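Have a look at start37.txt below; it lists compact mmCIF, C-alpha atoms.
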```txt
# COMPACT_ATOMS: atom_id res chain seq x y z
CA MET W 1 130.87 56.38 221.00
CA THR W 2 129.20 59.68 221.80
CA LYS W 3 129.14 62.17 218.99
CA GLN W 4 129.46 65.73 220.19
CA ILE W 5 130.47 68.70 218.16
CA ALA W 6 131.01 71.73 220.30
CA THR W 7 133.31 74.67 220.52
CA ASN W 8 133.04 74.48 224.29
CA VAL W 9 135.45 71.78 225.29
CA HIS W 10 135.76 70.21 228.70
CA TRP W 11 138.07 67.63 230.15
CA HIS W 12 139.22 66.30 233.44
CA GLU W 13 142.69 66.57 234.84
CA GLY W 14 145.21 63.85 234.19
CA GLU W 15 146.47 62.05 231.17
CA VAL W 16 144.78 59.23 229.33
CA THR W 17 146.30 55.91 230.39
CA ARG W 18 146.85 52.56 228.77
CA ALA W 19 144.02 51.21 230.93
CA ASP W 20 141.69 53.91 229.59
CA ARG W 21 142.47 52.87 226.03
CA ASN W 22 142.00 49.18 226.84
CA ARG W 23 138.60 50.02 228.33
CA LEU W 24 137.63 52.04 225.28
CA LEU W 25 138.53 49.15 222.97
CA ASP W 26 137.20 46.40 225.25
CA GLN W 27 140.44 44.49 224.84
CA LYS W 28 143.95 44.45 226.23
CA GLY W 29 146.85 45.44 224.01
CA ALA W 30 149.33 42.58 223.55
CA THR W 31 152.02 41.41 221.18
CA ILE W 32 151.73 38.05 219.48
CA TRP W 33 155.15 37.35 218.05
CA PHE W 34 155.20 34.74 215.28
CA THR W 35 158.67 33.35 214.61
CA GLY W 36 159.83 30.62 212.25
CA LEU W 37 161.54 29.86 208.97
CA SER W 38 160.64 31.63 205.78
CA GLY W 39 157.72 29.63 204.36
CA SER W 40 156.70 28.19 207.73
CA GLY W 41 153.29 29.87 207.57
CA LYS W 42 153.69 32.79 209.99
CA SER W 43 151.90 35.31 207.81
CA THR W 44 149.17 32.87 206.86
CA VAL W 45 148.13 32.37 210.47
CA ALA W 46 148.60 36.08 211.29
CA VAL W 47 146.33 37.11 208.40
CA ALA W 48 143.67 34.58 209.42
CA LEU W 49 143.86 35.61 213.06
CA GLU W 50 143.60 39.30 212.17
CA LYS W 51 140.44 38.53 210.21
CA VAL W 52 138.82 36.63 213.07
CA LEU W 53 139.74 39.28 215.64
CA THR W 54 138.37 42.07 213.43
CA GLU W 55 135.11 40.17 212.93
CA ARG W 56 134.83 40.01 216.71
CA GLY W 57 135.23 43.77 216.95
CA LYS W 58 138.82 43.68 218.17
CA LEU W 59 141.50 46.03 216.86
CA ALA W 60 144.46 44.02 215.60
CA TYR W 61 147.36 45.20 213.48
CA ARG W 62 149.97 43.19 211.63
CA LEU W 63 153.61 44.18 211.55
CA ASP W 64 155.50 42.42 208.80
CA GLY W 65 158.21 42.90 206.22
CA ASP W 66 155.86 44.76 203.91
CA ASN W 67 155.12 47.65 206.24
CA VAL W 68 158.33 47.65 208.30
CA ARG W 69 161.24 46.79 206.02
CA LEU W 70 159.98 49.31 203.46
CA GLY W 71 159.32 51.97 206.07
CA ILE W 72 160.90 52.51 209.44
CA ASN W 73 163.64 49.95 208.77
CA LYS W 74 164.37 50.81 205.15
CA ASN W 75 167.89 51.85 206.15
CA LEU W 76 168.74 48.38 207.50
CA GLY W 77 170.21 45.36 205.72
CA PHE W 78 170.70 41.72 206.70
CA SER W 79 173.99 41.68 208.60
CA ALA W 80 173.73 40.25 212.11
CA GLU W 81 173.99 43.80 213.49
CA ASP W 82 171.26 45.14 211.21
CA ARG W 83 169.05 42.12 211.91
CA ALA W 84 169.34 42.86 215.63
CA GLU W 85 168.49 46.54 215.13
CA ASN W 86 165.62 45.52 212.85
CA ILE W 87 164.07 43.37 215.57
CA ARG W 88 164.82 45.91 218.32
CA ARG W 89 162.94 48.64 216.44
CA ILE W 90 160.04 46.31 215.65
CA GLY W 91 159.89 45.43 219.33
CA GLU W 92 159.75 49.10 220.29
CA VAL W 93 157.04 49.79 217.70
CA ALA W 94 155.06 46.80 219.00
CA LYS W 95 155.34 48.23 222.52
CA LEU W 96 153.90 51.56 221.37
CA PHE W 97 150.97 49.74 219.76
CA VAL W 98 150.35 47.69 222.90
CA ASP W 99 150.43 50.92 224.90
CA ALA W 100 147.79 52.24 222.49
CA GLY W 101 145.62 49.18 223.23
CA VAL W 102 146.18 47.33 219.96
CA ILE W 103 146.65 43.57 219.52
CA VAL W 104 149.88 43.34 217.52
CA LEU W 105 150.47 40.40 215.18
CA SER W 106 154.16 40.45 214.41
CA SER W 107 155.39 38.19 211.64
CA PHE W 108 159.15 38.05 211.08
CA VAL W 109 161.62 35.18 210.78
CA SER W 110 163.46 36.72 213.78
CA PRO W 111 165.97 33.86 213.84
CA TYR W 112 168.06 34.88 216.85
CA ARG W 113 166.98 33.96 220.36
CA ALA W 114 168.76 36.94 221.93
CA ASP W 115 166.89 39.42 219.70
CA ARG W 116 163.50 37.87 220.52
CA ASP W 117 164.33 37.71 224.20
CA LEU W 118 165.19 41.41 224.16
CA VAL W 119 161.73 42.17 222.79
CA ARG W 120 160.19 39.89 225.42
CA LYS W 121 162.04 41.81 228.12
CA LEU W 122 160.99 45.19 226.71
CA HIS W 123 157.39 44.07 227.08
CA ALA W 124 157.83 42.43 230.48
CA ASP W 125 159.51 45.52 231.91
CA ALA W 126 156.47 47.55 230.87
CA GLY W 127 153.98 45.00 232.24
CA MET W 128 152.87 44.03 228.74
CA ASP W 129 151.88 40.64 227.35
CA PHE W 130 154.31 39.08 224.90
CA ILE W 131 153.14 35.82 223.37
CA GLU W 132 155.81 34.02 221.38
CA VAL W 133 154.38 31.62 218.81
CA PHE W 134 156.85 29.27 217.15
CA VAL W 135 155.54 28.25 213.74
CA ASP W 136 157.53 25.06 213.55
CA VAL W 137 157.92 23.17 210.30
CA PRO W 138 160.94 21.13 209.18
CA LEU W 139 163.29 22.95 206.83
CA GLU W 140 162.48 20.40 204.10
CA GLU W 141 158.80 21.32 204.32
CA ALA W 142 159.46 25.09 204.24
CA GLU W 143 161.81 24.59 201.30
CA ARG W 144 159.27 22.40 199.50
CA ARG W 145 156.65 25.18 199.85
CA ASP W 146 159.09 27.99 198.96
CA PRO W 147 156.21 30.45 198.36
CA LYS W 148 158.51 33.31 197.35
CA GLY W 149 161.14 31.23 195.53
CA LEU W 150 163.73 32.36 198.07
CA TYR W 151 165.10 28.94 199.02
CA LYS W 152 165.79 28.22 195.38
CA LYS W 153 167.75 31.46 195.10
CA ALA W 154 169.58 30.77 198.36
CA ARG W 155 170.56 27.27 197.18
CA ALA W 156 171.81 28.82 193.93
CA GLY W 157 173.91 31.26 195.94
CA GLU W 158 171.95 34.25 194.67
CA ILE W 159 170.90 35.17 198.21
CA LYS W 160 173.44 35.09 201.02
CA ASN W 161 172.79 34.77 204.75
CA PHE W 162 169.47 33.05 204.22
CA THR W 163 168.03 31.57 207.39
CA GLY W 164 168.05 27.77 207.30
CA ILE W 165 170.51 27.58 204.42
CA ASP W 166 173.64 29.52 205.33
CA ASP W 167 172.37 31.33 208.41
CA PRO W 168 171.09 29.68 211.60
CA TYR W 169 167.57 29.61 213.02
CA GLU W 170 167.57 29.42 216.79
CA ALA W 171 164.31 27.83 217.89
CA PRO W 172 162.57 29.27 220.97
CA LEU W 173 163.24 27.35 224.18
CA ASN W 174 160.04 28.31 225.97
CA PRO W 175 157.54 29.75 223.51
CA GLU W 176 153.98 30.31 224.69
CA LEU W 177 152.77 28.19 221.76
CA VAL W 178 154.17 25.88 219.07
CA LEU W 179 152.26 25.52 215.81
CA PRO W 180 153.47 22.69 213.54
CA SER W 181 151.64 24.19 210.59
CA HIS W 182 152.28 21.15 208.38
CA GLN W 183 150.31 18.98 210.79
CA MET W 184 147.45 21.33 211.69
CA SER W 185 144.59 23.02 209.88
CA LEU W 186 144.66 26.80 209.74
CA GLU W 187 141.44 26.79 211.75
CA ALA W 188 143.12 24.83 214.52
CA GLU W 189 146.12 27.17 214.52
CA VAL W 190 143.92 30.23 214.90
CA ALA W 191 141.86 28.55 217.59
CA ALA W 192 145.02 27.70 219.55
CA VAL W 193 146.16 31.33 219.55
CA LEU W 194 142.69 32.56 220.47
CA GLU W 195 142.66 30.21 223.45
CA ILE W 196 145.81 31.84 224.82
CA LEU W 197 144.38 35.30 224.19
CA GLU W 198 141.28 34.29 226.16
CA GLN W 199 143.40 32.97 229.01
CA ARG W 200 145.45 36.15 229.13
CA GLY W 201 142.37 38.37 229.12
CA VAL W 202 143.41 40.02 225.87
CA LEU W 203 139.91 39.82 224.39
CA ARG W 204 138.26 41.89 227.08
CA GLY W 205 138.92 45.35 228.52
CA ALA W 206 139.85 46.17 232.12
CA MET Q 1 131.64 44.00 219.81
CA THR Q 2 130.35 40.44 219.62
CA LYS Q 3 131.82 38.08 222.14
CA GLN Q 4 132.26 34.61 220.80
CA ILE Q 5 134.49 31.92 222.16
CA ALA Q 6 134.69 28.96 219.88
CA THR Q 7 137.19 26.44 218.75
CA ASN Q 8 135.49 26.44 215.37
CA VAL Q 9 136.86 29.46 213.60
CA HIS Q 10 135.55 30.94 210.39
CA TRP Q 11 136.67 33.80 208.24
CA HIS Q 12 136.23 35.21 204.82
CA GLU Q 13 138.89 35.49 202.19
CA GLY Q 14 140.99 38.62 201.92
CA GLU Q 15 142.98 40.71 204.29
CA VAL Q 16 141.67 43.28 206.73
CA THR Q 17 142.09 46.76 205.28
CA ARG Q 18 142.65 50.21 206.69
CA ALA Q 19 139.03 51.00 205.80
CA ASP Q 20 137.87 47.99 207.85
CA ARG Q 21 139.76 49.27 210.88
CA ASN Q 22 138.41 52.79 210.43
CA ARG Q 23 134.90 51.35 210.31
CA LEU Q 24 135.53 49.30 213.44
CA LEU Q 25 136.73 52.37 215.32
CA ASP Q 26 134.19 54.78 213.80
CA GLN Q 27 136.96 57.22 213.02
CA LYS Q 28 139.63 57.80 210.41
CA GLY Q 29 143.27 57.40 211.33
CA ALA Q 30 145.22 60.63 210.91
CA THR Q 31 148.38 62.31 212.11
CA ILE Q 32 148.20 65.63 213.91
CA TRP Q 33 151.75 66.95 213.94
CA PHE Q 34 152.40 69.62 216.57
CA THR Q 35 155.59 71.59 215.92
CA GLY Q 36 157.07 74.55 217.76
CA LEU Q 37 159.74 75.70 220.18
CA SER Q 38 160.44 73.91 223.41
CA GLY Q 39 158.00 75.44 225.90
CA SER Q 40 155.54 76.57 223.23
CA GLY Q 41 152.79 74.36 224.61
CA LYS Q 42 152.72 71.47 222.10
CA SER Q 43 152.34 68.76 224.71
CA THR Q 44 149.80 70.72 226.72
CA VAL Q 45 147.39 70.94 223.80
CA ALA Q 46 148.13 67.33 222.74
CA VAL Q 47 147.34 66.03 226.23
CA ALA Q 48 144.11 68.04 226.39
CA LEU Q 49 143.06 66.94 222.91
CA GLU Q 50 143.79 63.30 223.71
CA LYS Q 51 141.54 63.57 226.74
CA VAL Q 52 138.65 65.08 224.79
CA LEU Q 53 138.95 62.54 221.98
CA THR Q 54 139.01 59.64 224.43
CA GLU Q 55 135.94 60.96 226.20
CA ARG Q 56 134.21 60.97 222.82
CA GLY Q 57 135.10 57.31 222.32
CA LYS Q 58 137.90 57.96 219.83
CA LEU Q 59 141.23 56.15 219.94
CA ALA Q 60 144.07 58.66 220.05
CA TYR Q 61 147.71 58.06 220.87
CA ARG Q 62 150.44 60.54 221.67
CA LEU Q 63 153.95 60.17 220.31
CA ASP Q 64 156.42 62.31 222.19
CA GLY Q 65 159.94 62.39 223.53
CA ASP Q 66 159.00 60.23 226.49
CA ASN Q 67 157.93 57.20 224.51
CA VAL Q 68 160.06 57.66 221.39
CA ARG Q 69 163.44 59.08 222.42
CA LEU Q 70 163.68 56.47 225.18
CA GLY Q 71 162.52 53.65 222.93
CA ILE Q 72 162.80 53.28 219.20
CA ASN Q 73 165.10 56.28 218.87
CA LYS Q 74 167.29 55.68 221.90
CA ASN Q 75 170.30 55.22 219.59
CA LEU Q 76 169.96 58.74 218.15
CA GLY Q 77 171.44 62.02 219.35
CA PHE Q 78 170.91 65.66 218.39
CA SER Q 79 173.16 66.18 215.37
CA ALA Q 80 171.35 67.43 212.27
CA GLU Q 81 171.67 63.93 210.78
CA ASP Q 82 170.28 62.23 213.88
CA ARG Q 83 167.49 64.79 214.18
CA ALA Q 84 166.48 63.98 210.60
CA GLU Q 85 166.51 60.23 211.26
CA ASN Q 86 164.59 60.83 214.49
CA ILE Q 87 161.80 62.61 212.64
CA ARG Q 88 161.86 60.12 209.75
CA ARG Q 89 161.32 57.18 212.11
CA ILE Q 90 158.59 59.03 214.00
CA GLY Q 91 156.91 59.74 210.69
CA GLU Q 92 157.04 56.06 209.73
CA VAL Q 93 155.67 55.02 213.12
CA ALA Q 94 152.88 57.58 212.79
CA LYS Q 95 152.04 56.12 209.38
CA LEU Q 96 151.72 52.64 210.87
CA PHE Q 97 149.36 53.99 213.53
CA VAL Q 98 147.26 55.79 210.94
CA ASP Q 99 147.10 52.56 208.96
CA ALA Q 100 145.85 50.89 212.14
CA GLY Q 101 143.08 53.52 212.39
CA VAL Q 102 144.52 55.54 215.26
CA ILE Q 103 144.49 59.34 215.61
CA VAL Q 104 148.15 60.17 216.25
CA LEU Q 105 149.09 63.24 218.28
CA SER Q 106 152.74 63.84 217.60
CA SER Q 107 154.54 66.37 219.75
CA PHE Q 108 158.15 67.16 218.85
CA VAL Q 109 160.03 70.42 218.29
CA SER Q 110 160.81 69.11 214.76
CA PRO Q 111 162.60 72.35 213.85
CA TYR Q 112 163.52 71.60 210.23
CA ARG Q 113 161.05 72.20 207.42
CA ALA Q 114 162.55 69.51 205.21
CA ASP Q 115 162.11 66.85 207.89
CA ARG Q 116 158.47 67.76 208.48
CA ASP Q 117 157.80 67.94 204.76
CA LEU Q 118 159.22 64.44 204.35
CA VAL Q 119 156.71 63.15 206.90
CA ARG Q 120 153.94 65.04 205.14
CA LYS Q 121 154.93 63.38 201.87
CA LEU Q 122 155.06 59.92 203.46
CA HIS Q 123 151.45 60.41 204.51
CA ALA Q 124 150.28 61.99 201.26
CA ASP Q 125 151.78 59.17 199.21
CA ALA Q 126 149.76 56.70 201.26
CA GLY Q 127 146.56 58.75 201.02
CA MET Q 128 146.70 59.62 204.72
CA ASP Q 129 145.77 62.83 206.50
CA PHE Q 130 148.65 64.87 207.89
CA ILE Q 131 147.63 67.93 209.85
CA GLU Q 132 150.51 70.23 210.74
CA VAL Q 133 149.79 72.44 213.73
CA PHE Q 134 152.29 75.21 214.41
CA VAL Q 135 152.23 76.11 218.09
CA ASP Q 136 153.57 79.60 217.63
CA VAL Q 137 154.83 81.63 220.55
CA PRO Q 138 157.66 84.19 220.52
CA LEU Q 139 160.99 82.88 221.72
CA GLU Q 140 160.87 85.33 224.65
CA GLU Q 141 157.59 83.79 225.80
CA ALA Q 142 158.85 80.20 225.50
CA GLU Q 143 162.02 81.18 227.34
CA ARG Q 144 160.04 82.95 230.05
CA ARG Q 145 157.99 79.78 230.63
CA ASP Q 146 161.02 77.45 230.42
CA PRO Q 147 159.04 74.57 231.99
CA LYS Q 148 161.99 72.17 231.97
CA GLY Q 149 164.71 74.73 232.70
CA LEU Q 150 166.30 73.95 229.33
CA TYR Q 151 166.62 77.53 228.05
CA LYS Q 152 168.50 78.47 231.17
CA LYS Q 153 170.94 75.62 230.58
CA ALA Q 154 171.25 76.49 226.89
CA ARG Q 155 172.01 80.14 227.73
CA ALA Q 156 174.62 78.92 230.21
CA GLY Q 157 176.18 76.80 227.47
CA GLU Q 158 175.39 73.56 229.29
CA ILE Q 159 173.24 72.38 226.37
CA LYS Q 160 174.48 72.80 222.82
CA ASN Q 161 172.40 72.89 219.62
CA PHE Q 162 169.31 74.04 221.44
CA THR Q 163 166.53 75.16 219.10
CA GLY Q 164 165.94 78.91 219.32
CA ILE Q 165 169.24 79.60 221.04
CA ASP Q 166 172.08 78.19 218.94
CA ASP Q 167 170.05 76.10 216.52
CA PRO Q 168 167.40 77.40 214.11
CA TYR Q 169 163.65 76.84 214.14
CA GLU Q 170 162.17 76.90 210.66
CA ALA Q 171 158.51 77.88 210.95
CA PRO Q 172 156.01 76.07 208.70
CA LEU Q 173 155.07 77.96 205.56
CA ASN Q 174 151.64 76.44 205.07
CA PRO Q 175 150.56 74.66 208.25
CA GLU Q 176 146.97 73.48 208.50
CA LEU Q 177 146.63 75.45 211.74
CA VAL Q 178 148.54 78.05 213.77
CA LEU Q 179 147.99 78.19 217.52
CA PRO Q 180 149.48 81.25 219.26
CA SER Q 181 149.17 79.57 222.64
CA HIS Q 182 150.09 82.74 224.55
CA GLN Q 183 147.02 84.46 223.13
CA MET Q 184 144.47 81.64 223.31
CA SER Q 185 142.85 79.56 226.00
CA LEU Q 186 143.60 75.85 225.97
CA GLU Q 187 139.89 75.26 225.36
CA ALA Q 188 140.05 77.37 222.22
CA GLU Q 189 143.16 75.58 221.00
CA VAL Q 190 141.53 72.18 221.38
CA ALA Q 191 138.34 73.41 219.72
CA ALA Q 192 140.33 74.71 216.75
CA VAL Q 193 141.97 71.33 216.19
CA LEU Q 194 138.66 69.50 216.62
CA GLU Q 195 137.11 71.71 213.96
CA ILE Q 196 139.73 70.59 211.44
CA LEU Q 197 139.24 66.95 212.44
CA GLU Q 198 135.51 67.37 211.83
CA GLN Q 199 136.11 68.95 208.44
CA ARG Q 200 138.47 66.15 207.44
CA GLY Q 201 136.05 63.44 208.55
CA VAL Q 202 138.51 62.10 211.10
CA LEU Q 203 135.87 61.73 213.79
CA ARG Q 204 133.68 59.35 211.88
CA GLY Q 205 134.31 56.00 210.19
CA ALA Q 206 133.94 55.21 206.49
```
Written as structure tokens, that's how I'd like the structure from this file.
Amino acid sequence: MTKQIATNVHWHEGEVTRADRNRLLDQKGATIWFTGLSGSGKSTVAVALEKVLTERGKLAYRLDGDNVRLGINKNLGFSAEDRAENIRRIGEVAKLFVDAGVIVLSSFVSPYRADRDLVRKLHADAGMDFIEVFVDVPLEEAERRDPKGLYKKARAGEIKNFTGIDDPYEAPLNPELVLPSHQMSLEAEVAAVLEILEQRGVLRGA
Amino acid sequence: MTKQIATNVHWHEGEVTRADRNRLLDQKGATIWFTGLSGSGKSTVAVALEKVLTERGKLAYRLDGDNVRLGINKNLGFSAEDRAENIRRIGEVAKLFVDAGVIVLSSFVSPYRADRDLVRKLHADAGMDFIEVFVDVPLEEAERRDPKGLYKKARAGEIKNFTGIDDPYEAPLNPELVLPSHQMSLEAEVAAVLEILEQRGVLRGA
């Protein structure tokens, strides 16, 4: 991290590449895509993982409803078509972050297999790591937790098209990792993701 | 950049903040928004600046037509409405990058003042730096350069709604910086932007 303040500026030919940014950050950009029912614990593990990665000097960034639904996707609703466009845009944003060298922690219900597989393909076509993590708890458990009171509203008919109640959740067929968060400690969940990141070389540069 | 591989994972309470990421990167996320006619030299200065920043150990990322129009905005055309949505989404993506701690180099014609001002407001409302750089060359000069042969096609009527020919370019009223690229060396352009980044504290962490 050389500090140099000069009006004489020099540079070499050629553009900065993804590999250059990975080297700079001593990590490899990748998308970790948490999927699962509302209340399954996706955000909980993403927040904990972000903390651990940051403490290790790694640059991680969470994409979730708070910073996406209120921003880039504020003009989208919850029809099947809008849900698909929601996930497509998130996938494209994740790709940009991976290109920048960042470890993306994406936390969305993302209930449809086809939508998730599109994002997987977007990454694969660009030679980028996409790690699908299925946070897998039974509906009864998610509904028992109901951290945002959404299941209660869905059961009362106040929310329509709620995943698990009157909208389907299509579980991943071949996720990179399954986390039954009702049977594991948060520590163990984070450790399981970190192990995959180690294996994939995400925690070191080129 | 401590390397630690453990199955025992520890973390403190609380979420990682923008300030934490800025500290990690020893810089402050910010958006540098280059605007100007096609052929004015926006990308040339953005590429050169990215190179210099990277060589100084700073994480910069360019947003441009190549990675945005073909990705997140692939479902948008060139009507006034689509142009507005194009810039809105780019502004929201830039905001996410700034939140992640990245120095964003955005390079789009972005001909409408209202669209650019919306992006400025998005940043201001979030307490983020938005640095508008007007790459200002006369239309005749941009058309003489015509690096992509687009002016020729527009004059021949093969491209409609081309900025400067049959669509307006609304120059910024109060940009942070004006670069008349036909009267300056590329070195001087980059130095001028760097000076603003120094003044704003973008090149150092919290």
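The residue that comes closest to W:Arg18, out of W:Gly127, W:Gly41, W:Gly201, W:Gly77 and on the basis of only C-alpha atoms, is W:Gly127.
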Selection near Q:Gly71, 10 Å with all atoms listed in the file, sequence-local residues under 3 positions removed, as an MDAnalysis selection string: (chainID W and resid 88:89 91:93 95:96 122) or (chainID Q and resid 65:68 74:75)
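Coordinates place atom CA of W:Phe162 at a distance of 17.1 Å from atom CA of W:Asp136.
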Two-atom distance - atom CA of W:Phe134, atom CA of W:Ala19 (Å): 28.9 Å
Spatial neighbours of Q:Ser43, max dist 9 Å, only C-alpha atoms, sep filter under 5 positions, as a PDB file with C-alpha atoms, keeping the file's coordinate frame:
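Saved to out.pdb:
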```pdb
ATOM      1  CA  PHE Q  34     152.400  69.620 216.570  1.00  0.00           C
ATOM      2  CA  ALA Q  48     144.110  68.040 226.390  1.00  0.00           C
ATOM      3  CA  ARG Q  62     150.440  60.540 221.670  1.00  0.00           C
ATOM      4  CA  ASP Q  64     156.420  62.310 222.190  1.00  0.00           C
ATOM      5  CA  SER Q 106     152.740  63.840 217.600  1.00  0.00           C
ATOM      6  CA  SER Q 107     154.540  66.370 219.750  1.00  0.00           C
ATOM      7  CA  PHE Q 108     158.150  67.160 218.850  1.00  0.00           C
TER       8      PHE Q 108
END
```
Contacts of Q:Val98 within 10 Å, only C-alpha atoms, excl. fewer than 3 positions in-chain, as a VMD selection string: chain Q and resid 18 21 to 22 28 to 31 92 to 95 101 to 104 123 128 to 130
Could you add N, CA and C atoms to stretch 54-66 of chain W and give me the result as a CSV table (one decimal), keeping the file's coordinate frame?
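To be explicit, this is the file written out as rebuild_21.csv:
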```
chain,number,residue,atom,x,y,z
W,54,THR,N,139.1,40.9,213.9
W,54,THR,CA,138.4,42.1,213.4
W,54,THR,C,136.9,41.8,213.4
W,55,GLU,N,136.5,40.6,213.0
W,55,GLU,CA,135.1,40.2,212.9
W,55,GLU,C,134.5,40.1,214.3
W,56,ARG,N,135.3,40.0,215.3
W,56,ARG,CA,134.8,40.0,216.7
W,56,ARG,C,134.9,41.4,217.3
W,57,GLY,N,135.2,42.4,216.5
W,57,GLY,CA,135.2,43.8,217.0
W,57,GLY,C,136.5,44.2,217.7
W,58,LYS,N,137.5,43.4,217.5
W,58,LYS,CA,138.8,43.7,218.2
W,58,LYS,C,139.8,44.4,217.2
W,59,LEU,N,140.6,45.3,217.7
W,59,LEU,CA,141.5,46.0,216.9
W,59,LEU,C,142.9,45.3,216.9
W,60,ALA,N,143.2,44.7,215.7
W,60,ALA,CA,144.5,44.0,215.6
W,60,ALA,C,145.2,44.7,214.5
W,61,TYR,N,146.6,44.6,214.5
W,61,TYR,CA,147.4,45.2,213.5
W,61,TYR,C,148.6,44.3,213.2
W,62,ARG,N,148.8,44.0,212.0
W,62,ARG,CA,150.0,43.2,211.6
W,62,ARG,C,151.2,44.0,211.3
W,63,LEU,N,152.3,43.6,211.9
W,63,LEU,CA,153.6,44.2,211.6
W,63,LEU,C,154.3,43.1,210.8
W,64,ASP,N,154.8,43.4,209.6
W,64,ASP,CA,155.5,42.4,208.8
W,64,ASP,C,156.5,43.1,207.9
W,65,GLY,N,157.2,42.3,207.1
W,65,GLY,CA,158.2,42.9,206.2
W,65,GLY,C,157.7,44.0,205.3
W,66,ASP,N,156.4,43.8,204.9
W,66,ASP,CA,155.9,44.8,203.9
W,66,ASP,C,155.8,46.2,204.5
```
